[in-house]
$ cat model-v4.cif   # mmCIF, C-alpha atoms and all ligand atoms
data_structure
#
loop_
_atom_site.group_PDB
_atom_site.id
_atom_site.type_symbol
_atom_site.label_atom_id
_atom_site.label_comp_id
_atom_site.auth_asym_id
_atom_site.auth_seq_id
_atom_site.Cartn_x
_atom_site.Cartn_y
_atom_site.Cartn_z
ATOM 1 C CA MET R 82 0.000 0.000 0.000
ATOM 2 C CA LYS R 83 1.300 3.457 -0.845
ATOM 3 C CA LEU R 84 0.904 6.618 1.215
ATOM 4 C CA ILE R 85 1.884 10.026 -0.143
ATOM 5 C CA LEU R 86 2.830 12.872 2.156
ATOM 6 C CA LEU R 87 1.322 15.803 0.304
ATOM 7 C CA GLY R 88 2.102 18.221 3.132
ATOM 8 C CA THR R 89 4.510 17.870 6.052
ATOM 9 C CA THR R 90 4.501 21.122 7.968
ATOM 10 C CA GLY R 91 2.103 22.637 10.477
ATOM 11 C CA TYR R 92 0.661 26.089 11.087
ATOM 12 C CA HIS R 93 1.524 27.698 7.740
ATOM 13 C CA PRO R 94 3.226 26.704 4.499
ATOM 14 C CA SER R 95 6.922 27.339 3.911
ATOM 15 C CA GLN R 96 8.937 27.428 0.705
ATOM 16 C CA ARG R 97 9.550 23.727 1.215
ATOM 17 C CA ARG R 98 6.445 22.280 2.839
ATOM 18 C CA HIS R 99 2.652 22.563 2.862
ATOM 19 C CA THR R 100 0.333 21.921 5.792
ATOM 20 C CA PRO R 101 -0.980 18.396 6.523
ATOM 21 C CA CYS R 102 -2.632 16.277 3.896
ATOM 22 C CA MET R 103 -1.726 12.577 3.624
ATOM 23 C CA MET R 104 -3.200 10.334 1.005
ATOM 24 C CA ILE R 105 -3.579 6.656 0.141
ATOM 25 C CA PRO R 106 -4.484 6.983 -3.546
ATOM 26 C CA ARG R 107 -5.523 3.367 -4.150
ATOM 27 C CA CYS R 108 -8.199 3.572 -1.440
ATOM 28 C CA GLY R 109 -9.310 7.187 -1.837
ATOM 29 C CA VAL R 110 -8.375 7.875 1.774
ATOM 30 C CA MET R 111 -7.039 11.219 2.935
ATOM 31 C CA LEU R 112 -5.842 12.195 6.397
ATOM 32 C CA ASP R 113 -6.306 15.929 7.072
ATOM 33 C CA ALA R 114 -7.042 18.645 4.562
ATOM 34 C CA GLY R 115 -4.315 21.278 4.856
ATOM 35 C CA THR R 116 -2.866 23.580 2.217
ATOM 36 C CA ALA R 117 -1.347 20.594 0.375
ATOM 37 C CA MET R 118 -4.873 19.665 -0.767
ATOM 38 C CA PHE R 119 -4.269 21.497 -4.066
ATOM 39 C CA ARG R 120 -1.870 18.672 -5.003
ATOM 40 C CA ALA R 121 -4.423 15.887 -4.540
ATOM 41 C CA ALA R 122 -5.739 15.747 -8.102
ATOM 42 C CA ASP R 123 -2.312 14.676 -9.382
ATOM 43 C CA TYR R 124 -2.532 11.509 -7.288
ATOM 44 C CA LEU R 125 -6.202 10.521 -6.995
ATOM 45 C CA GLU R 126 -6.992 7.084 -8.401
ATOM 46 C CA THR R 127 -10.602 6.747 -7.225
ATOM 47 C CA ARG R 128 -13.947 8.429 -7.887
ATOM 48 C CA GLU R 129 -14.676 8.561 -4.169
ATOM 49 C CA LEU R 130 -12.747 10.370 -1.476
ATOM 50 C CA ASP R 131 -12.945 9.877 2.293
ATOM 51 C CA ILE R 132 -11.237 12.637 4.276
ATOM 52 C CA PHE R 133 -10.539 12.031 7.972
ATOM 53 C CA LEU R 134 -9.846 15.190 9.974
ATOM 54 C CA THR R 135 -7.725 15.108 13.115
ATOM 55 C CA HIS R 136 -9.210 18.398 14.305
ATOM 56 C CA ALA R 137 -10.365 21.709 12.889
ATOM 57 C CA HIS R 138 -7.382 24.009 13.362
ATOM 58 C CA LEU R 139 -6.984 25.899 10.114
ATOM 59 C CA ASP R 140 -3.730 24.251 9.040
ATOM 60 C CA HIS R 141 -5.662 20.940 8.910
ATOM 61 C CA VAL R 142 -8.911 22.055 7.248
ATOM 62 C CA ILE R 143 -8.276 25.069 5.008
ATOM 63 C CA GLY R 144 -7.730 22.726 2.043
ATOM 64 C CA LEU R 145 -11.442 21.845 2.065
ATOM 65 C CA THR R 146 -11.918 25.217 0.373
ATOM 66 C CA TYR R 147 -9.521 24.044 -2.390
ATOM 67 C CA LEU R 148 -11.675 21.036 -3.292
ATOM 68 C CA LEU R 149 -13.182 22.887 -6.234
ATOM 69 C CA SER R 150 -9.747 22.892 -7.912
ATOM 70 C CA VAL R 151 -9.386 19.190 -7.187
ATOM 71 C CA LEU R 152 -12.821 18.492 -8.684
ATOM 72 C CA TYR R 153 -12.005 20.581 -11.741
ATOM 73 C CA LEU R 154 -9.028 18.343 -12.483
ATOM 74 C CA HIS R 155 -10.336 15.010 -11.198
ATOM 75 C CA PRO R 156 -14.117 14.483 -11.009
ATOM 76 C CA LEU R 157 -15.333 12.723 -7.886
ATOM 77 C CA ASP R 158 -18.714 11.052 -7.367
ATOM 78 C CA ARG R 159 -18.583 11.381 -3.586
ATOM 79 C CA ILE R 160 -16.577 13.282 -0.997
ATOM 80 C CA THR R 161 -17.136 12.409 2.662
ATOM 81 C CA VAL R 162 -15.509 14.366 5.463
ATOM 82 C CA HIS R 163 -15.249 12.406 8.716
ATOM 83 C CA GLY R 164 -14.417 13.904 12.102
ATOM 84 C CA ASP R 165 -15.603 15.021 15.483
ATOM 85 C CA PRO R 166 -19.239 16.223 15.028
ATOM 86 C CA GLN R 167 -18.706 19.595 16.747
ATOM 87 C CA LYS R 168 -15.629 20.340 14.696
ATOM 88 C CA LEU R 169 -17.328 19.344 11.443
ATOM 89 C CA ALA R 170 -20.199 21.672 12.296
ATOM 90 C CA ALA R 171 -17.779 24.509 13.059
ATOM 91 C CA VAL R 172 -15.982 24.091 9.735
ATOM 92 C CA ASP R 173 -19.267 23.926 7.844
ATOM 93 C CA ARG R 174 -20.730 26.954 9.567
ATOM 94 C CA HIS R 175 -17.718 29.239 9.873
ATOM 95 C CA MET R 176 -15.208 28.385 7.146
ATOM 96 C CA PHE R 177 -17.955 28.095 4.553
ATOM 97 C CA SER R 178 -19.909 31.117 5.762
ATOM 98 C CA GLU R 179 -20.988 33.360 2.905
ATOM 99 C CA HIS R 180 -18.440 35.925 4.058
ATOM 100 C CA LEU R 181 -15.427 33.604 4.082
ATOM 101 C CA PHE R 182 -15.957 31.073 1.296
ATOM 102 C CA PRO R 183 -19.454 31.093 -0.157
ATOM 103 C CA LYS R 184 -19.133 28.197 -2.638
ATOM 104 C CA LYS R 185 -19.316 25.043 -0.614
ATOM 105 C CA PRO R 186 -17.846 21.978 -2.378
ATOM 106 C CA PRO R 187 -20.225 19.004 -2.681
ATOM 107 C CA TYR R 188 -19.080 17.108 0.393
ATOM 108 C CA GLU R 189 -21.094 15.227 2.952
ATOM 109 C CA LEU R 190 -20.163 15.431 6.618
ATOM 110 C CA ARG R 191 -20.135 12.268 8.665
ATOM 111 C CA PRO R 192 -19.529 12.118 12.421
ATOM 112 C CA LEU R 193 -16.716 9.684 12.965
ATOM 113 C CA ALA R 194 -18.001 6.163 13.588
ATOM 114 C CA GLU R 195 -16.198 4.077 16.182
ATOM 115 C CA GLU R 196 -14.780 1.976 13.393
ATOM 116 C CA VAL R 197 -14.852 2.698 9.657
ATOM 117 C CA SER R 198 -14.460 0.082 6.941
ATOM 118 C CA LEU R 199 -11.957 0.902 4.221
ATOM 119 C CA PRO R 200 -11.524 -0.568 0.728
ATOM 120 C CA GLU R 201 -9.547 -3.790 0.353
ATOM 121 C CA GLY R 202 -10.563 -5.140 3.732
ATOM 122 C CA GLY R 203 -9.143 -2.286 5.789
ATOM 123 C CA ARG R 204 -10.474 -0.793 9.001
ATOM 124 C CA LEU R 205 -9.896 2.579 10.590
ATOM 125 C CA THR R 206 -10.006 3.170 14.332
ATOM 126 C CA HIS R 207 -9.245 6.331 16.276
ATOM 127 C CA PHE R 208 -8.325 7.640 19.693
ATOM 128 C CA PRO R 209 -8.183 11.010 21.467
ATOM 129 C CA LEU R 210 -5.020 13.104 21.727
ATOM 130 C CA GLU R 211 -4.084 15.917 24.122
ATOM 131 C CA HIS R 212 -4.129 19.225 22.234
ATOM 132 C CA GLN R 213 -5.864 22.589 22.611
ATOM 133 C CA GLY R 214 -9.468 21.728 21.800
ATOM 134 C CA GLY R 215 -8.548 18.059 21.305
ATOM 135 C CA SER R 216 -7.219 16.136 18.334
ATOM 136 C CA ILE R 217 -7.840 12.623 17.012
ATOM 137 C CA GLY R 218 -5.208 10.029 16.194
ATOM 138 C CA TYR R 219 -5.907 7.399 13.541
ATOM 139 C CA ARG R 220 -4.909 3.802 13.051
ATOM 140 C CA LEU R 221 -5.535 2.053 9.721
ATOM 141 C CA ASP R 222 -5.172 -1.709 9.448
ATOM 142 C CA TRP R 223 -5.273 -3.966 6.453
ATOM 143 C CA PRO R 224 -4.422 -7.656 6.561
ATOM 144 C CA GLY R 225 -0.637 -7.627 6.626
ATOM 145 C CA HIS R 226 -0.010 -3.869 6.802
ATOM 146 C CA SER R 227 -0.848 -0.987 9.093
ATOM 147 C CA LEU R 228 -0.346 2.700 9.633
ATOM 148 C CA ALA R 229 -0.934 5.247 12.396
ATOM 149 C CA TYR R 230 -1.173 9.016 12.109
ATOM 150 C CA VAL R 231 -0.594 11.038 15.270
ATOM 151 C CA THR R 232 -0.406 14.806 15.010
ATOM 152 C CA ASP R 233 -1.058 17.857 17.117
ATOM 153 C CA THR R 234 -0.298 16.365 20.472
ATOM 154 C CA THR R 235 2.450 16.372 23.059
ATOM 155 C CA ALA R 236 4.281 13.063 22.757
ATOM 156 C CA ALA R 237 4.917 10.967 25.853
ATOM 157 C CA PRO R 238 5.908 7.284 25.899
ATOM 158 C CA ASP R 239 3.454 6.619 28.750
ATOM 159 C CA ALA R 240 0.506 8.407 27.096
ATOM 160 C CA ASP R 241 -2.707 6.439 26.557
ATOM 161 C CA TYR R 242 -2.448 6.602 22.779
ATOM 162 C CA VAL R 243 0.787 4.572 22.700
ATOM 163 C CA LYS R 244 -1.208 1.356 23.277
ATOM 164 C CA LYS R 245 -3.465 2.211 20.350
ATOM 165 C CA ILE R 246 -0.640 2.391 17.839
ATOM 166 C CA HIS R 247 1.176 -0.692 19.072
ATOM 167 C CA GLY R 248 2.964 -2.647 16.373
ATOM 168 C CA VAL R 249 1.980 -0.593 13.320
ATOM 169 C CA ASP R 250 4.301 -0.911 10.332
ATOM 170 C CA LEU R 251 4.435 2.842 9.772
ATOM 171 C CA LEU R 252 3.958 5.622 12.314
ATOM 172 C CA LEU R 253 3.559 9.178 11.086
ATOM 173 C CA HIS R 254 4.075 11.322 14.162
ATOM 174 C CA GLU R 255 4.322 15.060 14.478
ATOM 175 C CA CYS R 256 7.624 16.558 15.597
ATOM 176 C CA TYR R 257 7.226 20.314 15.448
ATOM 177 C CA PHE R 258 10.231 21.152 17.654
ATOM 178 C CA PRO R 259 13.750 19.939 18.443
ATOM 179 C CA ASP R 260 14.434 19.070 22.087
ATOM 180 C CA ALA R 261 15.801 22.549 22.830
ATOM 181 C CA TYR R 262 12.223 23.807 22.500
ATOM 182 C CA ALA R 263 10.605 21.224 24.790
ATOM 183 C CA ASP R 264 8.944 24.022 26.772
ATOM 184 C CA TRP R 265 7.404 25.405 23.577
ATOM 185 C CA ALA R 266 6.174 21.936 22.672
ATOM 186 C CA GLU R 267 4.507 21.612 26.062
ATOM 187 C CA LYS R 268 2.803 25.003 25.992
ATOM 188 C CA THR R 269 1.603 24.786 22.372
ATOM 189 C CA GLY R 270 0.361 21.166 22.517
ATOM 190 C CA HIS R 271 3.034 19.867 20.151
ATOM 191 C CA SER R 272 5.947 17.424 20.281
ATOM 192 C CA CYS R 273 9.736 17.486 20.347
ATOM 193 C CA THR R 274 12.202 14.875 19.188
ATOM 194 C CA THR R 275 13.107 12.669 22.157
ATOM 195 C CA PRO R 276 9.579 11.821 23.374
ATOM 196 C CA VAL R 277 8.445 11.122 19.798
ATOM 197 C CA ALA R 278 11.244 8.588 19.323
ATOM 198 C CA GLN R 279 10.451 7.112 22.742
ATOM 199 C CA VAL R 280 6.819 6.696 21.662
ATOM 200 C CA ALA R 281 7.927 4.812 18.530
ATOM 201 C CA ARG R 282 10.156 2.556 20.608
ATOM 202 C CA ALA R 283 7.508 1.950 23.305
ATOM 203 C CA ALA R 284 4.874 1.140 20.676
ATOM 204 C CA ARG R 285 7.252 -1.181 18.812
ATOM 205 C CA VAL R 286 6.360 0.297 15.446
ATOM 206 C CA GLY R 287 8.223 -0.728 12.313
ATOM 207 C CA ARG R 288 9.197 2.690 11.078
ATOM 208 C CA LEU R 289 8.789 6.308 12.233
ATOM 209 C CA VAL R 290 8.334 9.218 9.831
ATOM 210 C CA LEU R 291 8.295 12.696 11.329
ATOM 211 C CA VAL R 292 5.737 15.190 10.026
ATOM 212 C CA HIS R 293 4.114 18.525 11.024
ATOM 213 C CA LEU R 294 7.589 20.032 11.182
ATOM 214 C CA ASN R 295 8.069 23.691 12.105
ATOM 215 C CA PRO R 296 7.702 25.811 8.935
ATOM 216 C CA LEU R 297 10.238 28.319 10.270
ATOM 217 C CA ALA R 298 12.944 25.646 10.407
ATOM 218 C CA THR R 299 14.235 25.560 6.845
ATOM 219 C CA GLU R 300 17.380 23.508 7.405
ATOM 220 C CA ASP R 301 17.627 19.911 6.155
ATOM 221 C CA ASP R 302 17.398 18.458 9.659
ATOM 222 C CA PRO R 303 15.195 20.704 11.808
ATOM 223 C CA VAL R 304 14.613 18.235 14.664
ATOM 224 C CA GLY R 305 17.942 16.495 15.345
ATOM 225 C CA LEU R 306 17.527 13.218 13.539
ATOM 226 C CA GLY R 307 20.583 11.771 15.290
ATOM 227 C CA VAL R 308 18.864 12.240 18.648
ATOM 228 C CA ALA R 309 15.801 10.364 17.403
ATOM 229 C CA ARG R 310 17.804 7.566 15.787
ATOM 230 C CA ALA R 311 19.814 6.968 18.958
ATOM 231 C CA ILE R 312 16.478 6.018 20.560
ATOM 232 C CA PHE R 313 14.634 4.596 17.559
ATOM 233 C CA PRO R 314 16.939 3.858 14.601
ATOM 234 C CA ALA R 315 14.226 3.473 11.945
ATOM 235 C CA THR R 316 13.369 7.189 11.983
ATOM 236 C CA GLU R 317 13.104 9.418 8.920
ATOM 237 C CA LEU R 318 12.059 12.968 8.241
ATOM 238 C CA GLY R 319 8.976 13.354 6.122
ATOM 239 C CA ASP R 320 9.167 15.599 3.098
ATOM 240 C CA ASP R 321 6.456 16.874 0.803
ATOM 241 C CA LEU R 322 5.577 14.437 -1.994
ATOM 242 C CA MET R 323 7.453 11.609 -0.297
ATOM 243 C CA GLU R 324 5.909 8.242 -1.165
ATOM 244 C CA LEU R 325 5.946 5.603 1.562
ATOM 245 C CA GLU R 326 5.238 1.906 1.043
ATOM 246 C CA PHE R 327 3.839 0.111 4.059
HETATM 247 ZN ZN ZN C 1 -1.427 21.587 13.171
HETATM 248 ZN ZN ZN C 2 -3.715 21.958 16.069
#
$ encode --input "model-v4.cif" --output "C-alpha cells"
Amino acid sequence: MKLILLGTTGYHPSQRRHTPCMMIPRCGVMLDAGTAMFRAADYLETRELDIFLTHAHLDHVIGLTYLLSVLYLHPLDRITVHGDPQKLAAVDRHMFSEHLFPKKPPYELRPLAEEVSLPEGGRLTHFPLEHQGGSIGYRLDWPGHSLAYVTDTTAAPDADYVKKIHGVDLLLHECYFPDAYADWAEKTGHSCTTPVAQVARAARVGRLVLVHLNPLATEDDPVGLGVARAIFPATELGDDLMELEF
C-alpha cells in the first residue's frame, strides 16, 4: 500500500512544505485537509474520497476550500468528510460562511463512527489526543499492513495513545520542535524529538516518519535526527511528496 505525504509542515506553508494532507491513492483515503490539498488531483486514483480530519485548526482544514480545484481536475462522485461532530459543524458553519468562502464543495459530513471500513478489507479506528481543543489520532489496518497518524499532540511514551498504535508498520508522528524547545512543545500542545522517538520505541512500530515540522525551520534536519535515531533507529524525516510503502 502506498501513502503520499502531500504536506509535512504545520501552522503555515513554507517554501519547502505545505500543511498536513496525507493520502492513500488506491483507497481514496485522505488524512487531514491542509494547504497541500491542491496537489491531490495529481494523485487521486478513485472516484470517491474519504477525508478524515484530526481536528479543525486551520492548518488541517483550510484545504477543504480548495476542493473545487481538485474536482475541476479530477471528477469525484462522492466526498465524505469524517471527524468530530462539533468540529465538522464549526468548519461547515464558519469556514464556509458566505463571508469567508461562499461556494461550498459538494461534500457530505459524517460524524466519525467508532470503526470505519476501508476498501480492500481495511479498518480505521481512532483515539483522542491531548491538544488545545482536542485532536484525534488514527490507526488504519489492512491484513498484513498498518499505519498510524498522530499529530497535534504532546508526545509521551506513557501516554494512553501509545497502546493504540502498538505494532503498526508505519507511524507518522508530528515533531514540530527539536528538544531545545521542549517548553514550547509543552505550551503549544506539540511534540519534540526525544519523546516522539520514545513513543515509537515503546509502541514497537516498524518505522517512524516525522511530520508537522516547524515551517520556520528551513534547514535539512530541523529536529535532530541523530537524537531520534539513537532512541529509535528506523526514523526518517517526512518531506512533501514523499511516497511511503507500508
Ligand atoms: Zn497543526
Ligand atoms: Zn492543532
$ atom_distance --input "model-v4.cif" --atom1 "atom CA of Phe327 of chain R" --atom2 "atom CA of His247 of chain R"
15.3 Å
$ resolve_selection --input "model-v4.cif" --expression "the PyMOL selection byres (((chain R and resi 147-163) around 6) and not hetatm)" --output "ChimeraX atom specification"
/R:122,128-133,144-146,164,188-193
$ resolve_selection --input "model-v4.cif" --expression "the PyMOL selection byres (((not hetatm)) within 7 of (chain C and resi 1))" --output "list of chain:residue names"
R:Gly91, R:Tyr92, R:His138, R:Asp140, R:His141, R:Asp233, R:His293
$ write_last_selection --input "model-v4.cif" --atoms "C-alpha atoms" --output "compact mmCIF listing (two decimals), in the frame of the given file"
# COMPACT_ATOMS: atom_id res chain seq x y z
CA GLY R 91 2.10 22.64 10.48
CA TYR R 92 0.66 26.09 11.09
CA HIS R 138 -7.38 24.01 13.36
CA ASP R 140 -3.73 24.25 9.04
CA HIS R 141 -5.66 20.94 8.91
CA ASP R 233 -1.06 17.86 17.12
CA HIS R 293 4.11 18.52 11.02
$ residues_near_ligand --input "model-v4.cif" --ligand "ligand ZN 2 (chain C)" --cutoff "9 Å" --atoms "all atoms listed in the file" --output "VMD selection string"
chain R and resid 91 to 92 135 to 141 212 to 216 232 to 234 269 to 271
$ closest_residue --input "model-v4.cif" --among "R:Pro276, R:Pro101, R:Asp321, R:Leu112" --to "Ala229 of chain R" --atoms "only C-alpha atoms"
R:Leu112
$ axis_aligned_box --input "model-v4.cif" --around "segment 251-263 of chain R" --padding-each-side "5 Å" --output "lines of an AutoDock Vina configuration file"
center_x = 9.7
center_y = 13.3
center_z = 17.3
size_x = 22.2
size_y = 31.0
size_z = 25.0
$ atom_distance --input "model-v4.cif" --atom1 "atom CA of Lys83 of chain R" --atom2 "atom CA of Tyr219 of chain R"
16.6 Å
$ residues_around --input "model-v4.cif" --residues "segment 251-266 of chain R" --least-positions-apart "4" --cutoff "7 Å" --atoms "all atoms listed in the file" --output "count of residues only"
29
$ closest_residue --input "model-v4.cif" --among "R:Arg174, R:His207, R:Lys268, R:His226" --to "Tyr242 of chain R" --atoms "all atoms listed in the file"
R:His207
$ atom_distance --input "model-v4.cif" --atom1 "atom CA of Val110 of chain R" --atom2 "atom CA of Leu199 of chain R"
8.2 Å
$ residues_around --input "model-v4.cif" --residues "Pro224 of chain R" --least-positions-apart "2" --cutoff "10 Å" --atoms "all atoms listed in the file" --output "PyMOL selection string"
chain R and resi 201-204+222+226-227
$ resolve_selection --input "model-v4.cif" --expression "the PyMOL selection byres (((chain R and resi 117) around 9) and not hetatm)" --output "list in words"
Leu86, Leu87, Gly88, Thr89, Pro94, Arg98, His99, Thr100, Pro101, Cys102, Met103, Ala114, Gly115, Thr116, Met118, Phe119, Arg120, Ala121, Gly144 and Asp321 of chain R
$ residues_around --input "model-v4.cif" --residues "Leu306 of chain R" --least-positions-apart "2" --cutoff "9 Å" --atoms "all atoms listed in the file" --output "PyMOL selection string"
chain R and resi 274+302-304+308-311+316-318
